[in-house]
file run_20.cif (mmCIF, C-alpha atoms)
data_start
loop_
_atom_site.label_atom_id
_atom_site.label_comp_id
_atom_site.auth_asym_id
_atom_site.auth_seq_id
_atom_site.Cartn_x
_atom_site.Cartn_y
_atom_site.Cartn_z
CA MET G 111 23.45 0.67 8.99
CA SER G 112 24.32 2.59 5.89
CA ASP G 113 27.62 4.42 5.86
CA LEU G 114 25.87 7.28 4.06
CA PHE G 115 24.07 8.45 7.17
CA ASP G 116 25.58 9.76 10.38
CA LEU G 117 24.12 7.99 13.38
CA SER G 118 26.79 9.09 15.83
CA ALA G 119 24.26 11.05 17.89
CA ARG G 120 21.95 8.11 18.25
CA HIS G 121 21.34 6.70 21.74
CA LEU G 122 18.93 3.79 21.64
CA THR G 123 17.13 3.06 24.88
CA THR G 124 15.00 0.21 26.12
CA ARG G 125 11.94 2.32 26.80
CA ALA G 126 8.67 1.16 25.29
CA GLY G 127 8.09 4.07 22.90
CA ILE G 128 10.21 4.49 19.79
CA ASP G 129 10.29 7.68 17.79
CA THR G 130 12.26 8.92 14.82
CA GLU G 131 14.62 11.02 16.92
CA GLU G 132 15.69 7.97 18.90
CA LEU G 133 16.29 5.92 15.76
CA THR G 134 18.21 8.57 13.82
CA GLY G 135 19.73 10.61 16.64
CA ARG G 136 18.41 13.72 14.90
CA THR G 137 15.54 16.10 14.64
CA PHE G 138 14.58 17.89 11.45
CA PRO G 139 13.81 21.59 10.94
CA TYR G 140 10.26 20.97 9.70
CA GLN G 141 9.37 19.45 13.07
CA PHE G 142 9.79 22.91 14.59
CA ASP G 143 8.96 25.43 11.84
CA ARG G 144 5.48 25.35 10.36
CA THR G 145 6.42 27.59 7.46
CA LEU G 146 8.70 24.88 6.09
CA VAL G 147 5.73 22.64 5.31
CA ASP G 148 3.12 25.23 4.36
CA ASP G 149 3.80 24.83 0.65
CA VAL G 150 3.57 21.01 0.61
CA ASP G 151 0.91 20.08 -1.97
CA LEU G 152 -0.78 16.99 -0.56
CA MET G 153 -2.90 16.32 -3.65
CA ALA G 154 0.13 16.46 -5.92
CA ALA G 155 2.07 14.21 -3.58
CA THR G 156 -0.44 11.36 -3.67
CA PRO G 157 -1.79 9.10 -6.43
CA GLY G 158 -5.33 9.42 -7.76
CA GLU G 159 -7.80 12.24 -7.48
CA ASP G 160 -7.97 12.65 -3.70
CA LEU G 161 -5.63 12.21 -0.73
CA ASN G 162 -5.38 8.46 -1.32
CA TRP G 163 -3.24 6.84 1.42
CA LEU G 164 -3.05 10.06 3.42
CA GLU G 165 -6.72 9.60 4.31
CA ASP G 166 -5.48 7.18 6.96
CA ILE G 167 -2.88 9.58 8.36
CA HIS G 168 -4.00 11.59 11.38
CA LEU G 169 -2.35 13.67 14.06
CA MET G 170 -1.60 11.45 17.04
CA SER G 171 0.68 11.83 20.04
CA GLU G 172 3.81 10.15 21.39
CA ASP G 173 5.24 10.86 24.84
CA GLY G 174 2.48 13.45 25.22
CA ILE G 175 3.69 15.42 22.18
CA PRO G 176 1.74 15.76 18.91
CA ALA G 177 3.17 13.33 16.40
CA VAL G 178 2.54 11.70 13.05
CA PHE G 179 3.15 8.01 12.47
CA ASP G 180 5.69 7.15 9.77
CA ARG G 181 4.70 3.69 8.57
CA TYR G 182 7.92 3.38 6.56
CA THR G 183 9.90 3.44 9.80
CA ASN G 184 7.26 2.13 12.20
CA ALA G 185 7.91 5.10 14.47
CA PHE G 186 6.44 8.46 15.36
CA LEU G 187 7.74 11.81 14.13
CA LYS G 188 7.03 14.46 16.74
CA ILE G 189 5.69 17.87 15.74
CA HIS G 190 6.83 20.68 18.02
CA PHE G 191 5.32 23.73 16.30
CA GLU G 192 1.91 25.07 17.17
CA ILE G 193 -0.79 23.66 14.90
CA PRO G 194 -3.79 25.87 14.08
CA PRO G 195 -7.01 24.43 15.50
CA GLY G 196 -8.97 22.41 12.97
CA ARG G 197 -5.91 21.76 10.79
CA GLU G 198 -4.33 18.97 12.85
CA ASP G 199 -4.51 16.24 10.22
CA GLU G 200 -3.46 18.59 7.41
CA TYR G 201 -0.23 19.52 9.16
CA ALA G 202 0.45 15.96 10.26
CA ARG G 203 0.22 14.90 6.61
CA LYS G 204 2.36 17.80 5.40
CA VAL G 205 5.12 17.04 7.90
CA LEU G 206 5.09 13.37 6.95
CA ILE G 207 5.24 14.06 3.21
CA LYS G 208 8.09 16.55 3.74
CA HIS G 209 9.92 13.94 5.80
CA LEU G 210 9.52 11.30 3.09
CA GLN G 211 10.32 13.58 0.15
CA GLU G 212 13.54 14.72 1.81
CA GLY G 213 14.62 11.12 2.33
CA ASN G 214 14.82 11.41 6.10
CA SER G 215 12.63 8.46 7.00
CA TYR G 216 14.79 5.93 8.86
CA GLY G 217 13.20 3.08 6.92
CA VAL G 218 14.32 4.75 3.70
CA TRP G 219 17.87 5.00 5.05
CA LEU G 220 17.80 1.26 5.60
CA LYS G 221 17.08 0.71 1.91
CA TYR G 222 20.69 1.55 1.07
CA ARG G 223 21.92 -1.53 2.85
CA HIS G 224 18.97 -3.89 2.97
CA ALA G 225 16.92 -3.42 -0.21
CA LYS G 226 17.26 -6.67 -2.14
CA PHE G 227 15.82 -5.49 -5.43
CA PRO G 228 16.38 -2.34 -7.49
CA GLN G 229 13.85 0.34 -6.63
CA PRO G 230 13.58 4.14 -6.46
CA GLU G 231 14.94 5.38 -3.15
CA LEU G 232 12.08 7.78 -2.54
CA GLY G 233 9.39 5.57 -3.99
CA SER G 234 6.23 7.33 -4.99
CA TRP G 235 6.96 10.58 -3.15
CA LEU G 236 9.56 12.11 -5.46
CA ARG G 237 10.21 11.47 -9.15
CA ASN G 238 13.66 10.57 -10.45
CA SER G 239 15.16 9.66 -7.07
CA PRO G 240 18.27 7.43 -7.10
CA THR G 241 17.94 3.68 -7.51
CA VAL G 242 18.86 1.55 -4.50
CA GLY G 243 19.05 -2.21 -4.09
CA GLU G 244 21.10 -2.92 -7.20
CA ASN G 245 24.07 -4.53 -5.46
CA TRP G 246 22.61 -6.30 -2.44
CA THR G 247 24.80 -8.91 -0.82
CA PRO G 248 23.69 -11.22 1.99
CA PRO G 249 24.86 -10.06 5.43
CA GLN G 250 27.74 -12.01 6.95
CA LEU G 251 27.95 -12.73 10.66
CA GLU G 252 31.57 -12.20 11.66
CA GLY G 253 33.23 -15.33 12.98
CA TRP G 254 30.39 -17.63 12.00
CA GLU G 255 31.04 -20.70 9.93
CA PRO G 256 28.35 -22.95 8.50
CA PRO G 257 28.19 -26.30 10.28
CA ASP G 258 29.66 -29.33 8.58
CA GLY G 259 27.38 -30.74 5.96
CA HIS G 260 25.90 -27.38 4.95
CA MET P 108 11.95 -12.23 -26.95
CA VAL P 109 12.75 -15.12 -24.58
CA ALA P 110 10.21 -17.90 -24.86
CA MET P 111 8.70 -19.29 -21.66
CA SER P 112 10.03 -22.77 -22.46
CA THR P 113 13.64 -21.58 -22.15
CA ARG P 114 13.35 -20.05 -18.68
CA ARG P 115 15.09 -21.65 -15.73
CA SER P 116 13.21 -22.66 -12.63
CA ARG P 117 15.73 -22.14 -9.81
CA ASN P 118 15.62 -19.45 -7.12
CA ASP P 119 18.47 -17.25 -5.92
CA ILE P 120 19.39 -16.44 -2.31
CA ARG P 121 16.75 -13.70 -2.19
CA GLY P 122 14.04 -16.22 -3.07
CA LEU P 123 13.78 -14.72 -6.51
CA ALA P 124 12.59 -17.12 -9.20
CA GLU P 125 14.24 -17.05 -12.63
CA PRO P 126 17.12 -14.83 -11.41
CA ASP P 127 18.97 -14.92 -14.72
CA VAL P 128 16.08 -13.81 -16.92
CA GLU P 129 16.30 -10.29 -18.33
CA ALA P 130 13.66 -7.83 -19.46
CA PRO P 131 12.63 -8.79 -23.00
CA LYS P 132 12.71 -5.15 -24.20
CA THR P 133 9.83 -5.72 -26.56
CA ALA P 134 7.73 -2.68 -25.61
CA ARG P 135 6.75 -0.15 -28.22
CA ILE P 136 7.55 3.25 -26.72
CA GLU P 137 5.92 6.39 -28.07
CA GLY P 138 6.59 9.52 -26.03
CA ASP P 139 5.31 9.03 -22.50
CA THR P 140 3.50 5.78 -23.22
CA ALA P 141 4.56 2.20 -23.84
CA VAL P 142 2.73 -0.98 -24.86
CA PHE P 143 3.94 -4.56 -24.75
CA ASP P 144 2.46 -7.97 -25.50
CA ALA P 145 2.64 -10.43 -22.60
CA ALA P 146 1.33 -13.45 -24.49
CA ASP P 147 4.69 -15.24 -24.70
CA LEU P 148 6.22 -13.86 -21.51
CA SER P 149 6.49 -15.44 -18.06
CA PRO P 150 5.25 -13.39 -15.06
CA ARG P 151 8.89 -12.65 -14.21
CA GLN P 152 9.53 -11.31 -17.69
CA ILE P 153 6.36 -9.22 -17.60
CA ASN P 154 7.41 -7.65 -14.29
CA LEU P 155 10.96 -7.06 -15.48
CA GLU P 156 9.72 -5.32 -18.61
CA LEU P 157 7.32 -3.24 -16.54
CA ARG P 158 10.07 -2.16 -14.14
CA ARG P 159 12.42 -1.40 -16.99
CA LEU P 160 9.81 0.95 -18.42
CA VAL P 161 8.61 2.74 -15.27
CA TYR P 162 11.92 2.79 -13.35
CA GLY P 163 14.56 2.81 -16.06
CA GLU P 164 12.86 4.60 -18.95
CA GLN P 165 10.66 6.79 -16.67
CA ILE P 166 7.60 5.99 -18.81
CA PRO P 167 4.52 7.11 -16.85
CA GLU P 168 1.89 5.14 -18.81
CA VAL P 169 2.26 1.47 -19.73
CA THR P 170 -0.26 -0.93 -21.28
CA ILE P 171 0.12 -4.70 -21.02
CA GLU P 172 -1.71 -6.64 -23.70
CA ASN P 173 -2.69 -10.32 -23.54
CA PRO P 174 -1.93 -10.93 -19.85
CA GLY P 175 -3.45 -14.40 -20.23
CA ALA P 176 -4.64 -14.64 -16.60
CA LYS P 177 -1.04 -15.05 -15.45
CA HIS P 178 -0.30 -14.82 -11.76
CA SER P 179 1.65 -12.15 -9.86
CA VAL P 180 1.61 -9.55 -12.61
CA ALA P 181 2.44 -5.88 -11.86
CA VAL P 182 3.81 -6.73 -8.43
CA GLY P 183 5.91 -4.45 -6.22
CA ILE P 184 5.74 -1.29 -8.32
CA LEU P 185 7.07 1.46 -6.05
CA THR P 186 6.61 4.61 -8.11
CA ARG P 187 3.86 6.82 -9.49
CA CYS P 188 2.70 5.59 -12.90
CA ARG P 189 -0.40 4.40 -14.77
CA ILE P 190 -0.60 0.78 -15.83
CA THR P 191 -3.40 -0.69 -17.93
CA ILE P 192 -3.68 -4.47 -18.06
CA ASP P 193 -5.91 -5.24 -21.02
CA GLY P 194 -7.46 -8.54 -19.98
CA SER P 195 -7.58 -10.78 -16.92
CA VAL P 196 -4.88 -11.71 -14.40
CA GLY P 197 -4.52 -14.61 -11.96
CA TYR P 198 -3.72 -14.53 -8.28
CA PHE P 199 -1.74 -11.83 -6.42
CA GLY P 200 -2.07 -9.33 -9.27
CA ALA P 201 -1.13 -5.69 -8.60
CA THR P 202 0.14 -6.54 -5.11
CA LEU P 203 2.68 -4.76 -2.88
CA GLY P 204 2.24 -1.53 -4.82
CA ASP P 205 3.20 1.88 -3.52
CA GLY P 206 2.08 4.56 -5.94
CA PRO P 207 0.87 3.03 -9.22
CA GLU P 208 -2.60 3.53 -10.66
CA ILE P 209 -3.50 0.18 -12.20
CA HIS P 210 -6.53 -0.54 -14.37
CA ILE P 211 -7.39 -4.18 -15.12
CA THR P 212 -10.07 -4.50 -17.76
CA GLY P 213 -10.90 -8.15 -17.06
CA ARG P 214 -11.24 -10.40 -14.01
CA VAL P 215 -8.71 -11.14 -11.28
CA GLY P 216 -7.92 -14.14 -9.08
CA TRP P 217 -7.48 -14.14 -5.34
CA SER P 218 -5.53 -11.55 -3.32
CA VAL P 219 -5.57 -8.75 -5.86
CA ALA P 220 -3.86 -5.59 -4.50
CA GLU P 221 -2.78 -7.49 -1.39
CA ASN P 222 -0.61 -5.27 0.81
CA MET P 223 -1.09 -2.21 -1.38
CA MET P 224 0.54 0.74 0.41
CA SER P 225 -0.77 3.53 -1.82
CA GLY P 226 -2.15 3.99 -5.31
CA VAL P 227 -5.31 3.05 -7.15
CA THR P 228 -6.33 -0.35 -8.51
CA VAL P 229 -9.51 -0.59 -10.60
CA ILE P 230 -10.89 -3.92 -11.83
CA ASP P 231 -13.69 -3.78 -14.37
CA LYS P 232 -15.11 -7.27 -13.71
CA ASN P 233 -15.10 -9.78 -10.82
CA ALA P 234 -12.42 -10.59 -8.25
CA GLY P 235 -11.73 -13.78 -6.27
CA SER P 236 -11.28 -14.23 -2.55
CA LEU P 237 -8.99 -12.20 -0.28
CA THR P 238 -9.38 -9.08 -2.38
CA GLY P 239 -7.31 -6.29 -0.82
CA ALA P 240 -5.89 -8.57 1.87
CA ALA P 241 -3.72 -6.67 4.38
CA MET P 242 -4.11 -3.53 2.29
CA ARG P 243 -2.62 -0.46 3.98
CA GLY P 244 -3.65 2.47 1.81
CA GLY P 245 -5.05 3.70 -1.48
CA ASP P 246 -8.24 2.85 -3.36
CA LEU P 247 -9.19 -0.60 -4.64
CA VAL P 248 -12.25 -0.61 -6.89
CA ILE P 249 -13.94 -3.78 -8.15
CA ARG P 250 -16.84 -2.99 -10.44
CA GLY P 251 -18.15 -6.56 -10.33
CA HIS P 252 -18.52 -9.08 -7.49
CA VAL P 253 -15.86 -10.28 -5.02
CA GLY P 254 -15.34 -13.59 -3.23
CA ALA P 255 -14.86 -14.34 0.45
CA ARG P 256 -12.77 -12.52 3.05
CA THR P 257 -12.51 -9.24 1.17
CA GLY P 258 -10.15 -6.91 3.02
CA ILE P 259 -9.01 -9.55 5.50
CA ASP P 260 -6.59 -7.86 7.92
CA GLN P 261 -7.09 -4.56 6.08
CA LYS P 262 -5.04 -1.82 7.76
CA GLY P 263 -6.06 1.17 5.67
CA GLY P 264 -7.35 2.40 2.36
CA THR P 265 -10.76 2.08 0.73
CA ILE P 266 -12.19 -0.99 -1.00
CA ILE P 267 -15.21 -0.33 -3.23
CA VAL P 268 -17.26 -3.23 -4.62
CA GLY P 269 -19.89 -2.56 -7.26
CA GLY P 270 -21.61 -5.94 -6.80
CA ASN P 271 -21.91 -8.50 -4.02
CA ALA P 272 -19.30 -9.67 -1.49
CA GLY P 273 -18.85 -13.21 -0.15
CA ALA P 274 -18.53 -14.61 3.35
CA LEU P 275 -16.43 -13.02 6.10
CA THR P 276 -16.06 -9.68 4.37
CA GLY P 277 -13.82 -7.46 6.51
CA PHE P 278 -12.58 -10.40 8.60
CA MET P 279 -10.07 -9.10 11.18
CA MET P 280 -10.18 -5.66 9.56
CA GLN P 281 -8.11 -3.18 11.58
CA ARG P 282 -8.49 0.14 9.78
CA GLY P 283 -9.79 1.55 6.51
CA ARG P 284 -13.11 1.50 4.74
CA GLN P 285 -15.14 -0.87 2.57
CA ILE P 286 -18.08 0.19 0.44
CA ILE P 287 -20.17 -2.76 -0.79
CA CYS P 288 -22.93 -1.72 -3.20
CA GLY P 289 -24.65 -5.11 -3.29
CA ASP P 290 -25.20 -7.84 -0.70
CA ALA P 291 -22.68 -9.15 1.82
CA GLY P 292 -22.35 -12.82 2.81
CA PRO P 293 -22.45 -14.38 6.28
CA GLY P 294 -20.05 -13.40 9.06
CA MET P 295 -19.41 -9.86 7.81
CA GLY P 296 -16.95 -7.89 9.94
CA ASP P 297 -16.02 -10.88 12.08
CA SER P 298 -13.38 -9.90 14.66
CA MET P 299 -12.86 -6.48 13.10
CA TYR P 300 -10.91 -4.11 15.36
CA ASP P 301 -11.58 -0.84 13.62
CA GLY P 302 -12.60 0.69 10.30
CA ALA P 303 -16.02 0.85 8.68
CA ILE P 304 -17.99 -1.28 6.23
CA TYR P 305 -20.80 0.35 4.28
CA VAL P 306 -23.34 -1.97 2.63
CA GLY P 307 -25.98 -0.95 0.10
CA GLY P 308 -27.75 -4.31 -0.08
CA ALA P 309 -28.61 -7.06 2.37
CA VAL P 310 -26.25 -8.52 4.96
CA ALA P 311 -26.61 -12.28 5.45
CA SER P 312 -25.29 -12.11 9.02
CA LEU P 313 -22.80 -10.19 11.13
CA GLY P 314 -19.64 -11.75 12.52
CA VAL P 315 -18.37 -11.60 16.09
CA ASP P 316 -18.15 -8.05 17.49
CA CYS P 317 -19.50 -6.31 14.38
CA VAL P 318 -22.35 -3.88 15.02
CA GLU P 319 -24.41 -1.41 13.03
CA ALA P 320 -23.70 2.31 13.50
CA GLU P 321 -25.35 5.53 12.36
CA MET P 322 -24.28 7.10 9.09
CA THR P 323 -22.76 10.56 9.49
CA PRO P 324 -22.35 13.42 7.00
CA GLU P 325 -18.65 12.51 6.83
CA ASP P 326 -19.59 8.99 5.73
CA ASP P 327 -21.84 10.32 2.97
CA GLU P 328 -19.13 12.74 1.84
CA LEU P 329 -16.64 9.87 1.55
CA ILE P 330 -19.03 7.67 -0.43
CA ASP P 331 -20.16 10.48 -2.73
CA ARG P 332 -16.55 11.49 -3.41
CA LYS P 333 -15.37 7.99 -4.21
CA PHE P 334 -18.35 7.26 -6.47
CA ARG P 335 -17.80 10.53 -8.31
CA ILE P 336 -14.11 9.80 -8.85
CA TYR P 337 -14.76 6.30 -10.19
CA GLY P 338 -17.94 7.11 -12.11
CA MET P 339 -20.11 4.62 -10.22
CA ASP P 340 -23.84 4.73 -9.55
CA ARG P 341 -24.58 5.11 -5.87
CA PRO P 342 -27.23 2.85 -4.30
CA ALA P 343 -30.13 4.71 -2.70
CA SER P 344 -28.88 4.13 0.83
CA PHE P 345 -26.07 2.55 2.81
CA ARG P 346 -25.88 0.95 6.24
CA LYS P 347 -22.68 1.35 8.23
CA PHE P 348 -21.04 -1.39 10.29
CA VAL P 349 -18.18 -0.97 12.75
CA CYS P 350 -16.42 -2.78 15.56
CA GLY P 351 -18.49 -3.31 18.72
CA LYS P 352 -15.24 -2.97 20.74
CA LYS P 353 -15.99 -5.97 22.93
CA LEU P 354 -12.74 -7.58 21.83
CA TRP P 355 -10.58 -4.48 22.21
CA ASN P 356 -7.38 -5.09 24.15
CA TYR P 357 -5.21 -2.28 22.83
CA ASP P 358 -4.41 -0.96 26.29
CA ASN P 359 -2.76 -4.25 27.18
CA LEU P 360 -0.65 -4.48 24.06
CA GLU P 361 2.96 -3.46 23.85
CA PRO P 362 3.37 -0.14 21.98
CA SER P 363 5.20 -1.89 19.16
CA GLU P 364 2.22 -4.18 18.66
CA ARG P 365 -0.12 -1.23 18.66
CA LYS P 366 1.93 0.36 15.88
CA LEU P 367 1.50 -2.66 13.68
CA VAL P 368 -2.03 -1.58 12.92
CA LEU P 369 -1.24 2.06 12.17
#

call {"tool": "encode", "arguments": {"input": "run_20.cif", "output": "structure tokens"}}
result
Amino acid sequence: MSDLFDLSARHLTTRAGIDTEELTGRTFPYQFDRTLVDDVDLMAATPGEDLNWLEDIHLMSEDGIPAVFDRYTNAFLKIHFEIPPGREDEYARKVLIKHLQEGNSYGVWLKYRHAKFPQPELGSWLRNSPTVGENWTPPQLEGWEPPDGH
Amino acid sequence: MVAMSTRRSRNDIRGLAEPDVEAPKTARIEGDTAVFDAADLSPRQINLELRRLVYGEQIPEVTIENPGAKHSVAVGILTRCRITIDGSVGYFGATLGDGPEIHITGRVGWSVAENMMSGVTVIDKNAGSLTGAAMRGGDLVIRGHVGARTGIDQKGGTIIVGGNAGALTGFMMQRGRQIICGDAGPGMGDSMYDGAIYVGGAVASLGVDCVEAEMTPEDDELIDRKFRIYGMDRPASFRKFVCGKKLWNYDNLEPSERKLVL
């Protein structure tokens, strides 16, 4: 895990479901406050002339709570604020884009240690983000020695 | 410029071929655009030059001339930019992209835009087999015909084909949409789990667990919008095909397996 991110509050369990809070040990303000995502411009945040990849993002649920799936982490991000009827997918997409643009996706955190090739940290979601993956070194298993002949 | 004959052929620990080759820095940069000639470059050099421009120089519009049907060109671009490839490319072109809008003016080999996460890829002529394989998001437009197994294991996004599609179109498709203006070959939608395939022409035969469904206003809105964006002529009518759900076993899968198709 990257030293840049504090995971001291994380408590991984063996339950079947995995969500962002379990992986990071944190929640984020935009999971609770709708006004923090109201100004997210979905069209500006996606390539092309329509919603592009966000067309496949819908409001779902995890542990009985509304949630959006973050494919960059392979986990759900729960949404605790009240969503106006008929705007479920819109707010799911806005929360996800906010999450990605602020660099809080757990999969993005992993880039700092595991990205093997130079790439923008925040990919296509935010211009001019830092470059990660420039100094990758293969992980070493402590105490392990290659067998003779290798 | 480093000639192809001087490149080394070993791989490094990451599996990267030609690890010691550097970007040739031959592009002509004018403002927000850049152009470079790929005639004498290896695929590795082409991709290095492309990344130097869009990552390092922050150039939003790049044109690659004389691609020479080389394989694996414009691979793994993870930022918003516009790339024009003026000619044809070989297999695995424009793959693993997350954000770029790529226009290929010629033909492409198999597996174009494989694993595309987001972005737009437009091909003016024909594409080989496995077009849009395992694609997860974005739009993939082929103005000509495509080969077999288009959108195999597709998990999202929209594939639009102006001409005909070969056998096993949408094989094991799990999410997303395909719009085929012409005819579709035998076994269409075989073992598809979800998603929709719209066909404007004739379907040779349906695969296992693929059934016809009624078009809805939402379907027409999607097709009209995509055709308007890409300036394509819409066939008079479309038929919609979806999963018959006889093979569905989601309830028995572990949650982590279920997430693999999201």

call {"tool": "resolve_selection", "arguments": {"input": "run_20.cif", "expression": "the PyMOL selection byres ((chain P) within 9 of (chain G))", "output": "MDAnalysis selection string"}}
result
chainID P and resid 120:121 158 162 165 184:188 205:208 224:227 243:246 263:265 282:283 332:333 336 361:363 366:367 369

call {"tool": "resolve_selection", "arguments": {"input": "run_20.cif", "expression": "the PyMOL selection byres ((chain G and resi 199) around 10)", "output": "list in words"}}
result
Leu164, Glu165, Asp166, Ile167, His168, Leu169, Met170, Val178, Ile193, Gly196, Arg197, Glu198, Glu200, Tyr201, Ala202, Arg203, Lys204 and Val205 of chain G

call {"tool": "atom_distance", "arguments": {"input": "run_20.cif", "atom1": "CA of Glu137 (chain P)", "atom2": "CA of Gly175 (chain P)"}}
result
24.1 Å

call {"tool": "atom_distance", "arguments": {"input": "run_20.cif", "atom1": "CA of Arg250 (chain P)", "atom2": "CA of Met339 (chain P)"}}
result
8.3 Å

call {"tool": "residues_around", "arguments": {"input": "run_20.cif", "residues": "Asp139 (chain P)", "least_positions_apart": "6", "cutoff": "9 Å", "atoms": "all atoms listed in the file", "output": "PyMOL selection string"}}
result
chain P and resi 165-169

call {"tool": "resolve_selection", "arguments": {"input": "run_20.cif", "expression": "the PyMOL selection byres ((chain G and resi 210-223) around 7)", "output": "PyMOL selection string"}}
result
chain G and resi 111-112+134+182-183+206-209+224-225+231-232+235-236+242-243

call {"tool": "residues_near_point", "arguments": {"input": "run_20.cif", "point": "(-17.4, -4.6, 1.8)", "cutoff": "10 Å", "atoms": "all atoms listed in the file", "output": "PyMOL selection string"}}
result
chain P and resi 253+256-258+265-273+275-277+284-292+295-296+303-307+348

call {"tool": "atom_distance", "arguments": {"input": "run_20.cif", "atom1": "CA of Thr170 (chain P)", "atom2": "CA of Glu156 (chain P)"}}
result
11.2 Å

call {"tool": "closest_residue", "arguments": {"input": "run_20.cif", "among": "P:Asp193, P:Asp326, P:Asp260, P:Glu129", "to": "Leu237 (chain P)", "atoms": "only C-alpha atoms"}}
result
P:Asp260

call {"tool": "residues_around", "arguments": {"input": "run_20.cif", "residues": "Asp297 (chain P)", "least_positions_apart": "2", "cutoff": "10 Å", "atoms": "only C-alpha atoms", "output": "ChimeraX atom specification"}}
result
/P:256,259,274-280,293-295,299-300,312-318,350

call {"tool": "residues_around", "arguments": {"input": "run_20.cif", "residues": "Lys177 (chain P)", "least_positions_apart": "4", "cutoff": "12 Å", "atoms": "all atoms listed in the file", "output": "compact mmCIF listing (two decimals) with C-alpha atoms, keeping the file's coordinate frame"}}
result
# COMPACT_ATOMS: atom_id res chain seq x y z
CA ALA P 145 2.64 -10.43 -22.60
CA ALA P 146 1.33 -13.45 -24.49
CA ASP P 147 4.69 -15.24 -24.70
CA LEU P 148 6.22 -13.86 -21.51
CA SER P 149 6.49 -15.44 -18.06
CA PRO P 150 5.25 -13.39 -15.06
CA ARG P 151 8.89 -12.65 -14.21
CA GLN P 152 9.53 -11.31 -17.69
CA ILE P 153 6.36 -9.22 -17.60
CA ASN P 154 7.41 -7.65 -14.29
CA ILE P 171 0.12 -4.70 -21.02
CA GLU P 172 -1.71 -6.64 -23.70
CA ASN P 173 -2.69 -10.32 -23.54
CA ALA P 181 2.44 -5.88 -11.86
CA VAL P 182 3.81 -6.73 -8.43
CA ILE P 192 -3.68 -4.47 -18.06
CA GLY P 194 -7.46 -8.54 -19.98
CA SER P 195 -7.58 -10.78 -16.92
CA VAL P 196 -4.88 -11.71 -14.40
CA GLY P 197 -4.52 -14.61 -11.96
CA TYR P 198 -3.72 -14.53 -8.28
CA PHE P 199 -1.74 -11.83 -6.42
CA GLY P 200 -2.07 -9.33 -9.27
CA ALA P 201 -1.13 -5.69 -8.60
CA ARG P 214 -11.24 -10.40 -14.01
CA VAL P 215 -8.71 -11.14 -11.28
CA GLY P 216 -7.92 -14.14 -9.08

call {"tool": "axis_aligned_box", "arguments": {"input": "run_20.cif", "around": "region 198-214 of chain P", "padding_each_side": "4 Å", "output": "JSON"}}
result
{"center_x": -4.0, "center_y": -5.0, "center_z": -10.3, "size_x": 22.4, "size_y": 27.1, "size_z": 22.9}
